[in-house]
file structure34.csv (CSV, C-alpha atoms)
chain,number,residue,atom,x,y,z
A,208,MET,CA,162.5,106.4,94.2
A,209,LYS,CA,165.2,105.7,91.5
A,210,ASN,CA,169.0,105.9,91.9
A,211,LEU,CA,168.9,107.5,95.4
A,212,LEU,CA,171.2,104.9,97.0
A,213,PRO,CA,174.8,104.4,96.1
A,214,ALA,CA,175.4,100.9,94.7
A,215,ALA,CA,177.2,99.8,97.9
A,216,LEU,CA,174.1,100.6,99.9
A,217,SER,CA,171.5,99.3,97.5
A,218,GLY,CA,170.8,96.1,99.5
A,219,LEU,CA,170.2,97.8,102.8
A,220,ILE,CA,166.7,97.9,104.3
A,221,LEU,CA,165.9,100.7,106.8
A,222,LEU,CA,163.9,99.7,109.9
A,223,SER,CA,162.3,101.5,112.8
A,224,SER,CA,162.2,100.3,116.4
A,225,CYS,CA,158.9,99.7,118.2
A,226,SER,CA,160.2,101.0,121.5
A,227,SER,CA,161.9,104.1,120.1
A,228,PRO,CA,161.0,105.4,116.7
A,229,VAL,CA,164.1,105.8,114.5
A,230,GLN,CA,164.6,107.9,111.5
A,231,LYS,CA,167.6,107.1,109.2
A,232,GLU,CA,169.1,109.5,106.7
A,233,ILE,CA,171.3,108.5,103.8
A,234,ILE,CA,174.4,110.8,103.4
A,235,GLN,CA,175.4,110.4,99.8
A,236,GLU,CA,178.6,112.5,100.0
A,237,THR,CA,180.3,110.0,102.3
A,238,ASN,CA,178.5,106.8,101.3
A,239,THR,CA,177.5,106.3,105.0
A,240,ILE,CA,174.2,106.0,106.8
A,241,LYS,CA,173.6,108.4,109.6
A,242,GLU,CA,171.1,107.2,112.3
A,243,VAL,CA,169.0,109.9,113.8
A,244,LYS,CA,167.0,108.6,116.8
A,245,THR,CA,163.9,110.6,117.7
A,246,PHE,CA,162.9,109.7,121.3
A,247,PRO,CA,159.6,110.4,122.9
A,248,ALA,CA,160.0,113.3,125.4
A,249,LYS,CA,156.6,113.7,127.1
A,250,VAL,CA,153.0,113.0,126.7
A,251,HIS,CA,149.8,115.0,127.2
A,252,GLU,CA,146.0,114.9,126.9
A,253,LYS,CA,144.2,117.1,124.5
A,254,ASN,CA,140.4,117.0,123.9
A,255,LYS,CA,140.3,113.7,125.8
A,256,ASN,CA,142.9,112.0,123.5
A,257,VAL,CA,146.5,111.1,124.2
A,258,TYR,CA,149.5,112.7,122.3
A,259,VAL,CA,153.2,112.2,122.5
A,260,ALA,CA,155.8,114.9,121.8
A,261,PHE,CA,159.3,113.9,120.5
A,262,GLU,CA,162.6,115.4,121.3
A,263,ASP,CA,162.8,116.9,117.8
A,264,GLY,CA,159.6,118.9,118.5
A,265,THR,CA,157.2,116.8,116.4
A,266,GLU,CA,154.0,115.5,117.9
A,267,LYS,CA,151.9,112.4,117.3
A,268,GLN,CA,148.3,111.6,118.3
A,269,LEU,CA,148.1,108.2,119.9
A,270,THR,CA,144.4,107.7,120.8
A,271,PHE,CA,141.2,108.8,119.1
A,272,ASN,CA,138.5,107.6,121.5
A,273,GLY,CA,137.7,111.0,123.0
A,274,THR,CA,137.5,109.6,126.6
A,275,ASP,CA,141.2,109.3,127.5
A,276,ASN,CA,143.2,111.1,130.2
A,277,ASP,CA,146.1,110.9,132.6
A,278,PRO,CA,148.8,109.7,130.1
A,279,ILE,CA,152.0,108.3,131.5
A,280,LEU,CA,155.1,107.7,129.4
A,281,VAL,CA,156.9,104.4,129.8
A,282,LYS,CA,159.9,105.4,127.7
A,283,ASP,CA,161.9,102.1,127.9
A,284,GLU,CA,158.9,100.1,126.7
A,285,GLY,CA,157.8,102.5,124.0
A,286,LEU,CA,154.4,102.7,125.6
A,287,VAL,CA,152.0,105.2,127.1
A,288,VAL,CA,149.7,104.2,129.9
A,289,PHE,CA,146.5,106.1,130.3
A,290,VAL,CA,143.0,106.0,131.8
A,291,ARG,CA,140.0,105.5,129.6
A,292,ASP,CA,136.5,106.5,130.8
A,293,ASP,CA,133.9,103.9,129.9
A,294,ILE,CA,130.7,106.1,130.1
A,295,ASN,CA,127.2,104.8,130.2
A,296,PRO,CA,123.9,106.3,131.6
A,297,ALA,CA,124.2,104.3,134.8
A,298,VAL,CA,127.8,104.5,135.9
A,299,GLN,CA,131.2,105.9,134.8
A,300,ARG,CA,133.7,103.1,134.9
A,301,LYS,CA,137.5,103.3,134.4
A,302,GLN,CA,140.0,101.2,132.4
A,303,LEU,CA,143.7,101.3,132.7
A,304,MET,CA,145.0,101.1,129.2
A,305,CYS,CA,148.3,101.3,127.2
A,306,VAL,CA,149.1,102.3,123.6
A,307,ASN,CA,152.2,101.5,121.6
A,308,ILE,CA,153.8,104.7,120.4
A,309,ASP,CA,155.0,103.1,117.1
A,310,ASP,CA,152.0,101.3,115.8
A,311,LEU,CA,149.1,102.7,118.0
A,312,SER,CA,148.0,99.3,119.1
A,313,GLU,CA,146.1,99.4,122.3
A,314,SER,CA,145.6,96.9,125.1
A,315,VAL,CA,143.7,96.8,128.4
A,316,ILE,CA,145.9,96.5,131.5
A,317,THR,CA,143.0,96.2,133.9
A,318,GLN,CA,139.3,97.0,133.9
A,319,LYS,CA,138.1,95.2,137.0
A,320,LYS,CA,139.1,95.2,140.7
A,321,PRO,CA,140.0,91.8,142.1
A,322,PHE,CA,137.5,92.6,144.9
A,323,GLU,CA,134.0,94.1,145.4
A,324,ASP,CA,134.3,97.5,147.1
A,325,GLY,CA,132.4,98.2,150.2
A,326,LEU,CA,130.7,101.3,148.9
A,327,GLU,CA,129.0,100.2,145.6
A,328,GLY,CA,129.5,96.5,145.9
A,329,THR,CA,131.0,96.2,142.4
A,330,THR,CA,134.2,95.0,140.9
A,331,ASP,CA,134.0,97.9,138.3
A,332,ILE,CA,136.8,100.5,138.7
A,333,LEU,CA,135.0,103.7,139.5
A,334,ASN,CA,138.1,105.8,140.3
A,335,ILE,CA,141.7,105.9,139.3
A,336,ILE,CA,143.2,108.7,141.3
A,337,ASN,CA,146.7,110.0,140.7
A,338,PRO,CA,148.1,107.2,138.5
A,339,THR,CA,151.9,107.2,139.0
A,340,LEU,CA,154.6,105.1,137.4
A,341,THR,CA,156.9,103.3,139.9
A,342,PRO,CA,160.6,104.1,139.6
A,343,ASP,CA,161.4,100.8,137.9
A,344,GLY,CA,158.8,101.5,135.2
A,345,LYS,CA,157.0,98.2,135.8
A,346,GLU,CA,153.9,99.1,137.8
A,347,ILE,CA,151.3,101.9,138.1
A,348,LEU,CA,150.3,103.2,141.5
A,349,PHE,CA,146.8,104.7,142.0
A,350,VAL,CA,144.1,105.2,144.6
A,351,THR,CA,140.8,103.5,144.1
A,352,GLU,CA,137.7,102.6,146.1
A,353,LYS,CA,137.8,99.6,148.4
A,354,TYR,CA,136.1,100.2,151.8
A,355,ALA,CA,132.9,101.9,152.7
A,356,THR,CA,134.9,104.5,154.6
A,357,ALA,CA,138.3,104.6,152.9
A,358,ASN,CA,140.1,104.2,149.6
A,359,GLU,CA,143.1,102.0,148.9
A,360,LEU,CA,146.5,102.6,147.3
A,361,VAL,CA,147.1,99.8,144.8
A,362,GLN,CA,149.9,98.8,142.5
A,363,VAL,CA,149.1,97.2,139.1
A,364,ASN,CA,151.7,95.5,136.9
A,365,ILE,CA,151.7,97.0,133.4
A,366,LYS,CA,152.4,93.7,131.6
A,367,THR,CA,150.3,91.2,133.7
A,368,GLY,CA,147.6,93.5,135.1
A,369,MET,CA,148.2,91.9,138.5
A,370,TRP,CA,147.0,94.0,141.5
A,371,THR,CA,148.8,94.4,144.8
A,372,ASP,CA,147.0,96.2,147.7
A,373,LEU,CA,149.4,98.5,149.6
A,374,PHE,CA,147.5,100.5,152.2
A,375,THR,CA,144.5,102.7,152.8
A,376,ALA,CA,145.0,106.2,151.3
A,377,GLU,CA,142.9,109.1,150.0
A,378,SER,CA,146.0,110.6,148.4
A,379,PHE,CA,149.7,109.8,148.2
A,380,GLU,CA,153.1,110.9,146.9
A,381,GLN,CA,155.9,108.4,146.4
A,382,ILE,CA,159.4,109.5,147.5
A,383,ASN,CA,162.0,108.7,144.8
A,384,SER,CA,165.2,109.8,146.5
A,385,GLY,CA,167.0,110.4,149.8
A,386,GLN,CA,166.7,108.8,153.1
A,387,TYR,CA,163.0,107.8,152.6
A,388,LYS,CA,163.3,106.6,149.0
A,389,GLY,CA,160.4,104.2,148.3
A,390,PHE,CA,158.3,105.5,151.1
A,391,PHE,CA,155.1,107.5,150.8
A,392,PHE,CA,153.5,110.7,152.1
A,393,ALA,CA,149.8,109.6,152.5
A,394,ALA,CA,146.5,111.1,153.6
A,395,GLN,CA,144.6,108.4,155.3
A,396,SER,CA,141.0,108.1,156.5
A,397,ASP,CA,141.2,106.7,160.1
A,398,ILE,CA,139.6,106.8,163.5
A,399,GLY,CA,141.2,109.2,166.0
A,400,GLU,CA,140.3,110.8,169.3
A,401,ASN,CA,137.6,112.9,167.7
A,402,GLY,CA,136.2,110.2,165.4
A,403,ARG,CA,136.9,109.6,161.8
A,404,ASP,CA,139.2,112.1,160.1
A,405,ILE,CA,142.0,112.5,157.5
A,406,PHE,CA,145.5,111.9,159.0
A,407,TYR,CA,148.8,112.9,157.3
A,408,ARG,CA,151.6,110.4,157.6
A,409,LEU,CA,154.9,109.1,156.3
A,410,VAL,CA,154.5,105.4,155.6
A,411,ASN,CA,156.4,102.5,154.0
A,412,ASP,CA,155.1,100.4,151.2
A,413,SER,CA,153.3,98.1,153.6
A,414,GLY,CA,151.5,101.0,155.3
A,415,THR,CA,153.6,101.0,158.5
A,416,ILE,CA,153.6,104.5,159.9
A,417,ILE,CA,157.1,106.0,160.1
A,418,LYS,CA,156.1,109.5,161.0
A,419,LYS,CA,152.8,111.3,161.9
A,420,PHE,CA,152.1,114.9,161.1
A,421,SER,CA,149.7,117.2,162.9
A,422,ASP,CA,148.1,118.4,159.6
A,423,GLU,CA,148.8,118.7,155.8
A,424,GLU,CA,150.7,121.9,156.3
A,425,ALA,CA,153.2,120.1,158.7
A,426,MET,CA,153.6,117.3,156.2
A,427,ASN,CA,154.3,119.8,153.4
A,428,ALA,CA,156.9,121.6,155.6
A,429,PHE,CA,158.7,118.3,156.2
A,430,ARG,CA,158.6,117.5,152.5
A,431,LYS,CA,160.3,120.9,151.8
A,432,GLU,CA,163.0,120.2,154.4
A,433,MET,CA,163.9,116.9,152.6
A,434,LYS,CA,164.6,118.7,149.3
call {"tool": "encode", "arguments": {"input": "structure34.csv", "output": "structure tokens"}}
result
Amino acid sequence: MKNLLPAALSGLILLSSCSSPVQKEIIQETNTIKEVKTFPAKVHEKNKNVYVAFEDGTEKQLTFNGTDNDPILVKDEGLVVFVRDDINPAVQRKQLMCVNIDDLSESVITQKKPFEDGLEGTTDILNIINPTLTPDGKEILFVTEKYATANELVQVNIKTGMWTDLFTAESFEQINSGQYKGFFFAAQSDIGENGRDIFYRLVNDSGTIIKKFSDEEAMNAFRKEMK
């Protein structure tokens, strides 16, 4: 486009950041450049593809595979982590993926367990339940199969794909503030007086039981008292 830039600005090159898309406007009246940053605000899944919505109300489709779900925004890295279903006639496997918001480049974080589970005897990831970003934005927590009688809460590093086993859990919620920050509410499959059952507990990140609840309702009541 001809003669849009004042002479003083003719040598400037406008760039955009990979981690936070940037739009730059040229204000001719004042011969200055106004930088308008458009940050990602939230992500969602539509028709099994991942989308990001920006603070200015615009939206961008990030994946086009038709098998993607559970997107998680990692705002500081300019990434979205998501689960991809790898479907074949025999088994439905899962991959933990990430996509760059700026250039749509994808990479696999992890697609195999570092152990054979006790139910199917496979290293394939068959379940990624409740994927959750850790408060520091470096790892993803989720429940997956491990034992024949119980699942495991694991932590996977977004950059390295390294797994850390935390403790057995069928479901979980991480506590991000207050006295028990960093601890978890967990439903765990365990042996009790009446045989195997689901028990509701407050545990730390190594699985040590801090508090036991009589049932899920009692745990939820305790959660409400904390807020």
call {"tool": "closest_residue", "arguments": {"input": "structure34.csv", "among": "A:Leu269, A:Leu348, A:Leu326, A:Ala297", "to": "Asp310 (chain A)", "atoms": "all atoms listed in the file"}}
result
A:Leu269
call {"tool": "axis_aligned_box", "arguments": {"input": "structure34.csv", "around": "region 397-401 of chain A", "padding_each_side": "8 Å", "output": "AutoDock Vina command-line options"}}
result
--center_x 139.4 --center_y 109.8 --center_z 164.7 --size_x 19.6 --size_y 22.2 --size_z 25.2
call {"tool": "atom_distance", "arguments": {"input": "structure34.csv", "atom1": "CA of Val288 (chain A)", "atom2": "CA of Gly264 (chain A)"}}
result
21.1 Å
call {"tool": "atom_distance", "arguments": {"input": "structure34.csv", "atom1": "CA of Lys353 (chain A)", "atom2": "CA of Leu333 (chain A)"}}
result
10.2 Å
call {"tool": "closest_residue", "arguments": {"input": "structure34.csv", "among": "A:Thr245, A:Leu340, A:Thr330, A:Thr265", "to": "Phe289 (chain A)", "atoms": "all atoms listed in the file"}}
result
A:Leu340
call {"tool": "residues_around", "arguments": {"input": "structure34.csv", "residues": "region 405-409 of chain A", "least_positions_apart": "6", "cutoff": "7 Å", "atoms": "only C-alpha atoms", "output": "list of chain:residue names"}}
result
A:Phe391, A:Phe392, A:Ala393, A:Ala394, A:Gln395, A:Ser396, A:Asp397, A:Ile416, A:Ile417, A:Lys418, A:Lys419, A:Phe420, A:Asp422, A:Glu423, A:Met426
call {"tool": "atom_distance", "arguments": {"input": "structure34.csv", "atom1": "CA of Thr339 (chain A)", "atom2": "CA of Phe429 (chain A)"}}
result
21.6 Å
call {"tool": "closest_atom_pairs", "arguments": {"input": "structure34.csv", "of": "region 296-321 of chain A", "to": "region 357-375 of chain A", "cutoff": "10 Å", "atoms": "only C-alpha atoms", "output": "tab-separated table"}}
result
residue	atom	partner	partner_atom	distance
A:Leu303	CA	A:Gly368	CA	9.0
A:Met304	CA	A:Ile365	CA	8.9
A:Cys305	CA	A:Ile365	CA	8.3
A:Ser314	CA	A:Lys366	CA	9.9
A:Val315	CA	A:Gly368	CA	8.4
A:Ile316	CA	A:Gly368	CA	5.0
A:Thr317	CA	A:Gly368	CA	5.5
A:Gln318	CA	A:Gly368	CA	9.1
A:Lys319	CA	A:Gly368	CA	9.8
A:Lys320	CA	A:Trp370	CA	8.0
A:Pro321	CA	A:Trp370	CA	7.4
call {"tool": "closest_residue", "arguments": {"input": "structure34.csv", "among": "A:Asn254, A:Asn337, A:Thr356, A:Gln268", "to": "Asn307 (chain A)", "atoms": "all atoms listed in the file"}}
result
A:Gln268
call {"tool": "decode", "arguments": {"input": "structure34.csv", "residues": "region 289-308 of chain A", "atoms": "C-alpha atoms", "output": "PDB file, in the first residue's frame"}}
result
ATOM      1  CA  PHE A 289      -6.123 -30.462  24.385  1.00  0.00           C
ATOM      2  CA  VAL A 290      -7.039 -34.147  24.157  1.00  0.00           C
ATOM      3  CA  ARG A 291      -7.122 -35.841  20.751  1.00  0.00           C
ATOM      4  CA  ASP A 292      -9.042 -39.081  20.247  1.00  0.00           C
ATOM      5  CA  ASP A 293      -7.153 -41.558  18.095  1.00  0.00           C
ATOM      6  CA  ILE A 294     -10.003 -43.770  16.934  1.00  0.00           C
ATOM      7  CA  ASN A 295      -9.643 -47.146  15.239  1.00  0.00           C
ATOM      8  CA  PRO A 296     -11.984 -50.152  15.071  1.00  0.00           C
ATOM      9  CA  ALA A 297     -10.231 -51.963  17.921  1.00  0.00           C
ATOM     10  CA  VAL A 298      -9.650 -49.303  20.561  1.00  0.00           C
ATOM     11  CA  GLN A 299     -10.054 -45.580  21.227  1.00  0.00           C
ATOM     12  CA  ARG A 300      -6.735 -44.164  22.355  1.00  0.00           C
ATOM     13  CA  LYS A 301      -5.958 -40.681  23.650  1.00  0.00           C
ATOM     14  CA  GLN A 302      -3.153 -38.230  22.984  1.00  0.00           C
ATOM     15  CA  LEU A 303      -2.364 -35.122  25.009  1.00  0.00           C
ATOM     16  CA  MET A 304      -1.553 -32.428  22.440  1.00  0.00           C
ATOM     17  CA  CYS A 305      -0.795 -28.716  22.265  1.00  0.00           C
ATOM     18  CA  VAL A 306      -1.317 -26.133  19.531  1.00  0.00           C
ATOM     19  CA  ASN A 307       0.363 -22.755  19.120  1.00  0.00           C
ATOM     20  CA  ILE A 308      -2.241 -19.977  19.015  1.00  0.00           C
TER      21      ILE A 308
END
